[in-house]
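Everything below belongs to my_file.tsv, which stores TSV, C-alpha atoms.
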chain	number	residue	atom	x	y	z
B	1	MET	CA	3.14	127.64	25.63
B	2	PRO	CA	2.07	124.28	27.12
B	3	GLN	CA	3.91	121.28	25.82
B	4	THR	CA	1.78	119.68	23.12
B	5	SER	CA	1.27	115.96	22.84
B	6	SER	CA	-0.59	113.64	20.50
B	7	ARG	CA	-2.50	110.48	21.27
B	8	ALA	CA	-0.68	108.94	18.32
B	9	SER	CA	1.39	106.91	20.77
B	10	ALA	CA	-1.69	104.99	21.84
B	11	PRO	CA	-2.23	101.70	19.97
B	12	SER	CA	-5.08	103.22	18.00
B	13	ARG	CA	-6.79	106.56	18.11
B	14	ARG	CA	-9.61	105.69	15.72
B	15	SER	CA	-9.48	101.98	16.20
B	16	LEU	CA	-8.63	99.48	13.49
B	17	LEU	CA	-11.23	96.73	13.23
B	18	ALA	CA	-8.82	93.87	13.61
B	19	ALA	CA	-10.76	90.96	12.20
B	20	LEU	CA	-14.04	90.17	10.47
B	21	GLY	CA	-15.01	87.69	13.15
B	22	ALA	CA	-14.87	90.27	15.93
B	23	THR	CA	-16.62	92.88	13.85
B	24	ALA	CA	-19.42	90.56	12.79
B	25	ALA	CA	-19.94	89.58	16.41
B	26	LEU	CA	-20.25	93.20	17.43
B	27	GLY	CA	-22.63	93.83	14.56
B	28	ALA	CA	-24.80	90.94	15.71
B	29	LEU	CA	-24.75	92.28	19.23
B	30	SER	CA	-25.95	95.64	17.91
B	31	GLY	CA	-29.31	94.22	17.05
B	32	CYS	CA	-29.04	91.30	14.62
B	33	GLY	CA	-28.39	88.26	16.79
B	34	VAL	CA	-28.77	89.31	20.42
B	35	PRO	CA	-31.92	91.40	20.76
B	36	ALA	CA	-31.81	90.99	24.54
B	37	ALA	CA	-28.71	93.21	24.57
B	38	TYR	CA	-30.88	96.28	23.96
B	39	VAL	CA	-31.70	98.18	27.14
B	40	LYS	CA	-34.98	100.06	27.34
B	41	PRO	CA	-34.91	103.69	28.55
B	42	ALA	CA	-36.62	102.80	31.80
B	43	ASP	CA	-33.83	100.37	32.70
B	44	ARG	CA	-30.83	102.63	32.07
B	45	SER	CA	-30.52	104.72	35.21
B	46	ALA	CA	-29.52	103.95	38.78
B	47	PRO	CA	-30.11	106.04	41.90
B	48	ASP	CA	-27.89	109.10	41.46
B	49	GLU	CA	-25.55	109.60	44.41
B	50	SER	CA	-24.10	112.88	43.12
B	51	ALA	CA	-25.62	115.18	45.72
B	52	ALA	CA	-24.19	113.24	48.67
B	53	ASP	CA	-21.08	111.80	47.01
B	54	LYS	CA	-18.97	114.51	45.34
B	55	ARG	CA	-16.95	112.37	42.99
B	56	LEU	CA	-16.98	110.56	39.66
B	57	THR	CA	-14.89	108.10	37.66
B	58	TRP	CA	-13.85	109.09	34.13
B	59	ALA	CA	-12.27	106.71	31.59
B	60	ASN	CA	-10.32	108.37	28.78
B	61	TRP	CA	-7.53	107.70	26.28
B	62	PRO	CA	-3.85	108.26	27.15
B	63	LEU	CA	-2.36	111.70	26.49
B	64	TYR	CA	-5.75	113.29	25.86
B	65	ILE	CA	-5.90	115.97	28.54
B	66	ASP	CA	-3.64	118.84	29.56
B	67	THR	CA	-0.87	118.15	32.05
B	68	ASP	CA	1.47	120.39	34.01
B	69	ASP	CA	4.81	121.03	32.28
B	70	ASP	CA	6.74	120.25	35.45
B	71	ASN	CA	4.55	117.42	36.76
B	72	PRO	CA	2.78	115.17	34.21
B	73	ASN	CA	0.67	113.70	37.00
B	74	ARG	CA	-1.09	117.03	37.46
B	75	ARG	CA	-3.93	118.00	35.13
B	76	PRO	CA	-4.61	121.74	35.50
B	77	THR	CA	-8.08	121.90	33.97
B	78	LEU	CA	-9.24	118.89	35.96
B	79	GLU	CA	-7.86	120.42	39.14
B	80	GLY	CA	-9.73	123.58	38.25
B	81	PHE	CA	-12.98	121.63	38.06
B	82	GLY	CA	-12.39	120.20	41.52
B	83	LYS	CA	-11.72	123.62	43.02
B	84	ARG	CA	-14.77	125.09	41.33
B	85	THR	CA	-17.24	122.36	42.26
B	86	GLY	CA	-15.78	120.36	45.14
B	87	ILE	CA	-16.13	117.22	42.99
B	88	SER	CA	-13.14	114.88	42.88
B	89	VAL	CA	-12.43	112.96	39.68
B	90	ASP	CA	-10.84	109.52	39.44
B	91	TYR	CA	-9.31	109.96	35.98
B	92	VAL	CA	-8.28	106.65	34.40
B	93	GLU	CA	-6.35	106.44	31.11
B	94	GLU	CA	-7.59	102.98	30.23
B	95	ILE	CA	-9.01	103.29	26.70
B	96	ASN	CA	-6.48	102.22	24.08
B	97	ASP	CA	-8.84	100.81	21.47
B	98	ASN	CA	-12.56	101.27	20.83
B	99	ASP	CA	-13.31	97.57	20.28
B	100	GLU	CA	-11.18	96.42	23.19
B	101	PHE	CA	-12.93	98.78	25.60
B	102	PHE	CA	-16.33	97.81	24.19
B	103	GLY	CA	-15.54	94.21	25.02
B	104	LYS	CA	-14.35	95.19	28.48
B	105	ILE	CA	-17.55	96.91	29.60
B	106	SER	CA	-20.20	95.25	27.43
B	107	PRO	CA	-20.90	92.32	29.82
B	108	SER	CA	-21.95	94.80	32.50
B	109	LEU	CA	-24.02	96.94	30.17
B	110	MET	CA	-25.93	94.11	28.53
B	111	ASN	CA	-26.72	92.68	31.95
B	112	HIS	CA	-27.96	95.99	33.37
B	113	ARG	CA	-25.04	96.41	35.78
B	114	SER	CA	-22.83	99.38	36.54
B	115	THR	CA	-19.51	99.55	34.67
B	116	GLY	CA	-17.88	101.36	37.57
B	117	ARG	CA	-17.44	104.39	35.33
B	118	ASP	CA	-19.52	107.55	35.23
B	119	LEU	CA	-18.03	108.99	32.04
B	120	ILE	CA	-16.29	107.49	29.02
B	121	VAL	CA	-14.76	108.89	25.81
B	122	ILE	CA	-15.32	106.85	22.64
B	123	SER	CA	-14.97	107.54	18.91
B	124	ASP	CA	-18.27	108.55	17.35
B	125	TRP	CA	-18.51	105.55	15.03
B	126	MET	CA	-18.43	103.34	18.13
B	127	CYS	CA	-20.69	105.73	20.07
B	128	ALA	CA	-23.32	104.87	17.46
B	129	ARG	CA	-23.34	101.27	18.72
B	130	TYR	CA	-23.81	102.28	22.34
B	131	VAL	CA	-26.66	104.61	21.39
B	132	ARG	CA	-28.41	101.93	19.29
B	133	LEU	CA	-28.06	99.39	22.06
B	134	GLY	CA	-29.48	101.80	24.64
B	135	TRP	CA	-26.32	101.51	26.74
B	136	VAL	CA	-25.89	105.21	27.50
B	137	GLN	CA	-28.09	107.72	29.29
B	138	GLU	CA	-29.66	110.85	27.88
B	139	MET	CA	-28.05	113.96	29.33
B	140	ASP	CA	-29.90	116.72	31.15
B	141	ARG	CA	-29.11	119.90	29.21
B	142	ALA	CA	-30.50	121.98	32.09
B	143	ARG	CA	-27.23	121.08	33.83
B	144	GLN	CA	-25.22	121.91	30.70
B	145	PRO	CA	-25.86	125.51	29.62
B	146	ASP	CA	-22.34	125.92	28.22
B	147	VAL	CA	-22.73	122.84	26.02
B	148	ALA	CA	-26.02	124.20	24.72
B	149	ARG	CA	-24.47	127.60	24.09
B	150	ASN	CA	-20.97	126.76	22.83
B	151	LEU	CA	-21.00	123.42	20.95
B	152	ASP	CA	-19.87	123.89	17.36
B	153	PRO	CA	-22.91	123.87	15.01
B	154	LEU	CA	-21.08	121.44	12.71
B	155	LEU	CA	-21.15	118.85	15.50
B	156	ARG	CA	-24.61	119.37	16.95
B	157	SER	CA	-26.64	116.67	15.21
B	158	PRO	CA	-24.82	113.65	13.75
B	159	ALA	CA	-26.94	110.96	12.10
B	160	PHE	CA	-26.46	108.49	14.97
B	161	ASP	CA	-27.45	110.95	17.72
B	162	LYS	CA	-29.75	113.67	16.46
B	163	GLY	CA	-29.50	116.70	18.72
B	164	ARG	CA	-26.60	115.14	20.67
B	165	ARG	CA	-28.92	113.82	23.37
B	166	PHE	CA	-26.55	111.02	24.42
B	167	THR	CA	-23.10	112.22	23.36
B	168	VAL	CA	-21.03	115.40	23.60
B	169	PRO	CA	-17.78	115.81	21.62
B	170	TRP	CA	-14.63	115.81	23.72
B	171	GLN	CA	-12.28	116.69	20.86
B	172	SER	CA	-12.65	116.51	17.10
B	173	GLY	CA	-10.38	115.96	14.14
B	174	ILE	CA	-10.31	115.88	10.38
B	175	THR	CA	-9.45	112.95	8.15
B	176	GLY	CA	-7.78	114.49	5.12
B	177	ILE	CA	-4.55	114.21	3.15
B	178	ALA	CA	-1.02	114.88	4.35
B	179	TYR	CA	1.88	115.30	1.94
B	180	ASN	CA	5.48	116.47	1.73
B	181	ARG	CA	5.33	119.66	-0.34
B	182	ARG	CA	9.08	119.96	-0.91
B	183	LYS	CA	9.66	116.37	-2.01
B	184	LEU	CA	6.50	116.19	-4.10
B	185	GLY	CA	7.12	119.56	-5.70
B	186	ARG	CA	3.47	120.51	-6.01
B	187	ASP	CA	0.29	120.84	-4.00
B	188	ILE	CA	-2.51	118.33	-3.56
B	189	ARG	CA	-6.06	119.67	-3.76
B	190	HIS	CA	-8.22	116.65	-4.58
B	191	VAL	CA	-8.52	113.03	-3.46
B	192	LYS	CA	-7.99	112.01	-7.09
B	193	ASP	CA	-4.53	113.62	-6.93
B	194	LEU	CA	-3.45	110.55	-4.95
B	195	TRP	CA	-3.79	108.51	-8.11
B	196	ALA	CA	-1.33	110.64	-10.14
B	197	PRO	CA	1.50	108.76	-11.92
B	198	ASP	CA	4.28	110.48	-9.97
B	199	LEU	CA	2.83	109.09	-6.72
B	200	LYS	CA	2.77	105.46	-7.78
B	201	GLY	CA	3.86	103.32	-4.84
B	202	ARG	CA	4.25	106.40	-2.61
B	203	VAL	CA	0.69	106.59	-1.22
B	204	THR	CA	-0.80	105.05	1.93
B	205	LEU	CA	-4.42	104.81	3.04
B	206	LEU	CA	-5.82	104.05	6.47
B	207	SER	CA	-6.58	100.39	7.05
B	208	GLY	CA	-9.56	100.78	9.40
B	209	LEU	CA	-12.90	100.72	7.59
B	210	ASP	CA	-14.48	103.36	9.80
B	211	GLU	CA	-11.43	105.59	9.50
B	212	ALA	CA	-10.98	105.36	5.75
B	213	PHE	CA	-14.27	105.14	3.91
B	214	ALA	CA	-15.71	108.65	4.23
B	215	LEU	CA	-12.87	110.64	2.67
B	216	LEU	CA	-12.55	108.12	-0.17
B	217	MET	CA	-16.26	108.42	-0.90
B	218	GLN	CA	-15.98	112.19	-0.90
B	219	GLY	CA	-13.38	111.82	-3.62
B	220	ASP	CA	-16.14	110.29	-5.74
B	221	GLY	CA	-18.43	113.26	-5.04
B	222	VAL	CA	-20.58	111.46	-2.47
B	223	ASP	CA	-22.47	113.30	0.27
B	224	ILE	CA	-21.20	111.34	3.26
B	225	THR	CA	-24.09	112.42	5.47
B	226	ARG	CA	-26.36	110.10	3.44
B	227	TRP	CA	-24.24	107.68	1.47
B	228	THR	CA	-25.64	104.41	0.11
B	229	THR	CA	-24.53	100.80	-0.35
B	230	ASP	CA	-23.86	101.53	-4.01
B	231	ASP	CA	-21.64	104.45	-3.02
B	232	PHE	CA	-19.65	102.17	-0.74
B	233	HIS	CA	-19.05	99.49	-3.35
B	234	ARG	CA	-18.21	102.08	-6.00
B	235	MET	CA	-15.53	103.44	-3.66
B	236	CYS	CA	-14.20	99.92	-3.05
B	237	ASP	CA	-14.02	99.29	-6.81
B	238	ARG	CA	-11.84	102.39	-7.15
B	239	ILE	CA	-9.47	101.37	-4.35
B	240	GLU	CA	-9.17	97.84	-5.71
B	241	ARG	CA	-8.06	99.25	-9.06
B	242	GLU	CA	-5.44	101.42	-7.37
B	243	VAL	CA	-4.14	98.45	-5.36
B	244	HIS	CA	-3.86	96.27	-8.45
B	245	ARG	CA	-1.88	98.85	-10.39
B	246	GLY	CA	0.54	99.43	-7.51
B	247	GLN	CA	-0.51	102.98	-6.68
B	248	ILE	CA	-0.99	102.27	-2.95
B	249	ARG	CA	2.14	101.33	-1.04
B	250	ARG	CA	0.27	99.89	1.91
B	251	PHE	CA	-2.64	100.36	4.33
B	252	THR	CA	-1.69	101.67	7.75
B	253	GLY	CA	-2.78	102.42	11.26
B	254	ASN	CA	-1.27	105.44	13.01
B	255	ASP	CA	2.15	104.38	11.78
B	256	TYR	CA	1.61	106.27	8.51
B	257	THR	CA	3.47	109.14	10.18
B	258	LYS	CA	6.77	107.23	10.06
B	259	ASP	CA	6.52	106.68	6.30
B	260	LEU	CA	5.70	110.33	5.71
B	261	VAL	CA	8.58	111.58	7.84
B	262	SER	CA	11.09	109.20	6.26
B	263	GLY	CA	10.05	110.15	2.73
B	264	ASP	CA	9.08	106.61	1.77
B	265	VAL	CA	5.59	108.01	1.27
B	266	LEU	CA	4.85	111.38	-0.32
B	267	ALA	CA	1.10	111.55	0.33
B	268	CYS	CA	-1.27	109.72	2.65
B	269	GLN	CA	-4.63	109.66	4.30
B	270	ALA	CA	-4.04	111.34	7.66
B	271	TYR	CA	-5.50	112.86	10.80
B	272	SER	CA	-5.21	116.61	11.38
B	273	GLY	CA	-4.00	116.27	14.98
B	274	ASP	CA	-1.07	114.07	13.96
B	275	VAL	CA	0.00	116.48	11.23
B	276	ILE	CA	0.16	119.42	13.64
B	277	GLN	CA	2.72	117.45	15.61
B	278	LEU	CA	4.73	116.54	12.50
B	279	GLN	CA	4.78	120.12	11.28
B	280	ALA	CA	6.54	121.22	14.45
B	281	ASP	CA	9.62	119.34	13.21
B	282	ASN	CA	9.07	119.52	9.44
B	283	PRO	CA	7.26	122.52	7.98
B	284	ASP	CA	7.34	120.90	4.54
B	285	ILE	CA	4.59	118.52	5.66
B	286	ARG	CA	1.20	119.92	4.71
B	287	PHE	CA	-2.36	118.90	5.48
B	288	VAL	CA	-5.17	119.53	3.06
B	289	VAL	CA	-8.93	119.32	3.24
B	290	PRO	CA	-9.66	118.33	-0.38
B	291	GLU	CA	-11.94	120.53	-2.42
B	292	GLU	CA	-14.47	117.67	-2.47
B	293	GLY	CA	-14.54	117.76	1.31
B	294	ALA	CA	-13.22	115.82	4.29
B	295	GLU	CA	-14.63	113.98	7.26
B	296	LEU	CA	-15.03	115.79	10.59
B	297	TRP	CA	-15.04	113.22	13.37
B	298	SER	CA	-15.17	113.33	17.15
B	299	ASP	CA	-14.29	111.35	20.21
B	300	SER	CA	-17.29	111.92	22.42
B	301	LEU	CA	-18.22	111.86	26.08
B	302	MET	CA	-20.99	109.50	27.18
B	303	ILE	CA	-22.55	108.54	30.51
B	304	PRO	CA	-22.97	104.75	30.58
B	305	ASN	CA	-26.06	103.08	32.00
B	306	ARG	CA	-26.27	102.61	35.77
B	307	ALA	CA	-23.66	105.32	36.39
B	308	ARG	CA	-23.97	106.41	40.02
B	309	HIS	CA	-22.77	109.99	39.59
B	310	LYS	CA	-24.66	111.17	36.52
B	311	ALA	CA	-25.23	114.75	37.66
B	312	ASN	CA	-21.55	115.14	38.56
B	313	ALA	CA	-20.56	113.83	35.12
B	314	GLU	CA	-22.92	116.27	33.43
B	315	ARG	CA	-21.37	119.15	35.35
B	316	LEU	CA	-17.87	118.09	34.32
B	317	ILE	CA	-18.87	117.91	30.65
B	318	ASP	CA	-20.34	121.39	30.85
B	319	TYR	CA	-17.21	122.73	32.56
B	320	TYR	CA	-15.11	121.75	29.55
B	321	TYR	CA	-17.43	123.76	27.33
B	322	ARG	CA	-16.52	127.00	29.08
B	323	PRO	CA	-14.42	128.83	26.45
B	324	GLU	CA	-11.53	129.56	28.81
B	325	VAL	CA	-11.29	125.87	29.80
B	326	ALA	CA	-11.70	124.63	26.22
B	327	ALA	CA	-8.89	127.00	25.18
B	328	LYS	CA	-6.47	125.52	27.75
B	329	LEU	CA	-7.28	122.02	26.56
B	330	ALA	CA	-6.96	122.95	22.87
B	331	ALA	CA	-3.55	124.52	23.45
B	332	TRP	CA	-2.30	121.21	24.79
B	333	VAL	CA	-3.95	118.50	22.68
B	334	ASN	CA	-4.02	120.39	19.32
B	335	TYR	CA	-7.11	118.67	17.91
B	336	VAL	CA	-10.09	120.47	16.41
B	337	CYS	CA	-11.70	122.32	19.29
B	338	PRO	CA	-15.48	121.72	19.54
B	339	VAL	CA	-15.88	125.13	21.21
B	340	PRO	CA	-15.34	127.86	18.57
B	341	ALA	CA	-15.56	130.57	21.24
B	342	ALA	CA	-12.25	129.29	22.66
B	343	ARG	CA	-10.50	130.83	19.68
B	344	GLU	CA	-10.88	134.36	21.04
B	345	VAL	CA	-9.50	133.26	24.40
B	346	LEU	CA	-6.38	131.83	22.79
B	347	ALA	CA	-5.93	134.85	20.53
B	348	ALA	CA	-5.75	137.07	23.62
B	349	ASP	CA	-3.12	134.94	25.37
B	350	PRO	CA	0.04	136.94	26.24
B	351	ASP	CA	2.26	134.10	25.05
B	352	LYS	CA	2.65	134.63	21.31
B	353	ASP	CA	3.07	130.93	20.52
B	354	THR	CA	-0.13	130.09	22.34
B	355	ALA	CA	-1.95	132.99	20.71
B	356	ALA	CA	-0.81	131.77	17.29
B	357	LEU	CA	-2.83	128.58	17.79
B	358	ALA	CA	-5.98	130.66	17.35
B	359	ASP	CA	-5.07	131.06	13.68
B	360	ASN	CA	-4.33	127.38	13.07
B	361	PRO	CA	-7.14	126.06	10.83
B	362	LEU	CA	-6.50	122.52	12.05
B	363	ILE	CA	-7.60	123.61	15.53
B	364	PHE	CA	-10.15	126.24	14.52
B	365	PRO	CA	-11.15	125.60	10.88
B	366	ASP	CA	-11.57	128.78	8.88
B	367	PRO	CA	-14.85	129.51	7.01
B	368	VAL	CA	-13.60	128.03	3.71
B	369	MET	CA	-12.49	124.82	5.41
B	370	ARG	CA	-15.70	124.56	7.43
B	371	GLU	CA	-17.74	124.56	4.22
B	372	ARG	CA	-15.89	121.40	3.17
B	373	LEU	CA	-16.29	119.44	6.40
B	374	ALA	CA	-19.06	116.93	7.10
B	375	VAL	CA	-19.86	114.32	9.74
B	376	ALA	CA	-20.33	110.98	8.01
B	377	ARG	CA	-23.32	108.74	8.42
B	378	ASP	CA	-22.09	105.74	10.38
B	379	ILE	CA	-22.11	102.14	9.21
B	380	THR	CA	-25.16	100.36	10.62
B	381	SER	CA	-25.10	96.94	12.28
B	382	THR	CA	-26.85	95.33	9.31
B	383	GLU	CA	-24.37	96.85	6.84
B	384	ARG	CA	-21.23	96.10	8.79
B	385	PRO	CA	-20.63	92.38	8.08
B	386	GLU	CA	-20.92	92.83	4.30
B	387	PHE	CA	-18.88	96.03	4.22
B	388	THR	CA	-16.17	94.67	6.49
B	389	ARG	CA	-15.75	91.55	4.33
B	390	ARG	CA	-15.37	93.72	1.25
B	391	TRP	CA	-12.97	96.20	2.82
B	392	ASN	CA	-10.81	93.64	4.63
B	393	GLY	CA	-10.48	91.73	1.36
B	394	ILE	CA	-8.97	94.82	-0.23
B	395	VAL	CA	-6.76	95.75	2.71
B	396	GLY	CA	-5.60	92.18	3.27
B	397	LEU	CA	-6.80	91.70	6.82
Could you rewrite the structure in this file as structure tokens?
Amino acid sequence: MPQTSSRASAPSRRSLLAALGATAALGALSGCGVPAAYVKPADRSAPDESAADKRLTWANWPLYIDTDDDNPNRRPTLEGFGKRTGISVDYVEEINDNDEFFGKISPSLMNHRSTGRDLIVISDWMCARYVRLGWVQEMDRARQPDVARNLDPLLRSPAFDKGRRFTVPWQSGITGIAYNRRKLGRDIRHVKDLWAPDLKGRVTLLSGLDEAFALLMQGDGVDITRWTTDDFHRMCDRIEREVHRGQIRRFTGNDYTKDLVSGDVLACQAYSGDVIQLQADNPDIRFVVPEEGAELWSDSLMIPNRARHKANAERLIDYYYRPEVAAKLAAWVNYVCPVPAAREVLAADPDKDTAALADNPLIFPDPVMRERLAVARDITSTERPEFTRRWNGIVGL
């Protein structure tokens, strides 16, 4: 079985919005204060050099692709793409934070210049900004038959990119609840279970607005595909009450895992991929998709404007939607695989540990779990300043 790794060691996997000032500035850039930042469709492309220049540059997060057990500098699936197509890939692990990377490449994009990258991987809530700004190119599905055939139906048409014209999920995950079954002595089935008396001071929630809000709304019975401003403030009212009565120990980034492992926290808002890693050392740690539902999110591939190797990038994206390739990647990263057909490939693997991954619902959600998963409507640029002020006031940022 390939050695599994989590991106949890990166500074932020679904980035914390660090300060209201930065967030408000980004919101303004998304259409409120800098209308010139929007790029019209006719101005997004550059002459494509793919046919004559068999290469591309791909920016991704650290520890988010398979590596060779004996040589971490080798990436077997990426090498397989090169052998299959003759296209070489300059793979750069330079994305540690959604906002930081946005700031890094936005001067080029708003000024209609190449970023030097042909492919990037960004969390969907941030992808929404790029799409609104017209900073990414529509993909040619004629070059992507495996994407068209194999993309999970749950991920095909998020509110910010209907029909996935500009984005394709790289890997997905679930924001749900993790808890220590042995120390708690019972199961958790609902978001409201976090507010039980025996959990007072032993609960953590995620501090990032985009990371936290959807699951908490679902606990109030909200359909997160079309939530409203009233829904948001009702959720905030609830969390404020729980803060004031001492129910919530603290708000966290990815460091919630340390509190859960130590036992200082018995239940927390958590990401499915992290919990798979924790369970390898502590089977008492459980992950639950509450009966009210949970958020299904993605980190998605996009081709930025003025990319010079668009066709090559489209071919690489499609390659990773071949079930046998998606299975190799899923066995290593352990996030929710956006290619359900990869499950059968893993199930047939001669290594029993690898084959067992096919039955892990946190990699391939079962039918009951799938019924409870939804992709949240994103926060728009006009909503963001108000919502960030409210949320950061609760969290203490």
Residues within 8 Å of (-14.9, 126.5, 23.8), file coordinates, counting only C-alpha atoms: what are they? Give the list as a PyMOL selection string. chain B and resi 150-151+320-327+337-343
Take the selection from the previous step and output its residues with C-alpha atoms, as a PDB file, keeping the file's coordinate frame.
ATOM      1  CA  ASN B 150     -20.970 126.760  22.830  1.00  0.00           C
ATOM      2  CA  LEU B 151     -21.000 123.420  20.950  1.00  0.00           C
ATOM      3  CA  TYR B 320     -15.110 121.750  29.550  1.00  0.00           C
ATOM      4  CA  TYR B 321     -17.430 123.760  27.330  1.00  0.00           C
ATOM      5  CA  ARG B 322     -16.520 127.000  29.080  1.00  0.00           C
ATOM      6  CA  PRO B 323     -14.420 128.830  26.450  1.00  0.00           C
ATOM      7  CA  GLU B 324     -11.530 129.560  28.810  1.00  0.00           C
ATOM      8  CA  VAL B 325     -11.290 125.870  29.800  1.00  0.00           C
ATOM      9  CA  ALA B 326     -11.700 124.630  26.220  1.00  0.00           C
ATOM     10  CA  ALA B 327      -8.890 127.000  25.180  1.00  0.00           C
ATOM     11  CA  CYS B 337     -11.700 122.320  19.290  1.00  0.00           C
ATOM     12  CA  PRO B 338     -15.480 121.720  19.540  1.00  0.00           C
ATOM     13  CA  VAL B 339     -15.880 125.130  21.210  1.00  0.00           C
ATOM     14  CA  PRO B 340     -15.340 127.860  18.570  1.00  0.00           C
ATOM     15  CA  ALA B 341     -15.560 130.570  21.240  1.00  0.00           C
ATOM     16  CA  ALA B 342     -12.250 129.290  22.660  1.00  0.00           C
ATOM     17  CA  ARG B 343     -10.500 130.830  19.680  1.00  0.00           C
TER      18      ARG B 343
END
Tell me, as number ranges by chain, which residues lie within 9 Å of stretch 280-294 of chain B, counting all atoms listed in the file; anything in the same chain fewer than 2 positions away does not count. B: 174-183, 187-191, 214-216, 218-222, 260-261, 270-272, 275-278, 296, 362, 369, 371-375
So what do you get for atom CA of B:Glu386 versus atom CA of B:Glu211, distance-wise? 16.7 Å
Nearest to B:Gln247, chosen from B:Leu266, B:Leu184, B:Ile224, B:Leu199, with only C-alpha atoms counted in the distances: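 Residue with the minimum atom-to-atom distance to B:Gln247: B:Leu199.
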Could you check the closest approach to B:Asn98 for each of B:Glu240, B:Asp70, B:Asp231, B:Asp210 and tell me which residue wins, using only C-alpha atoms?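 Ranking B:Glu240, B:Asp70, B:Asp231, B:Asp210 by distance to B:Asn98, first place goes to B:Asp210.
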Length of the atom CA of B:Asn305 to atom CA of B:Ser157 vector [Å]: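 A separation of 21.6 Å between them.
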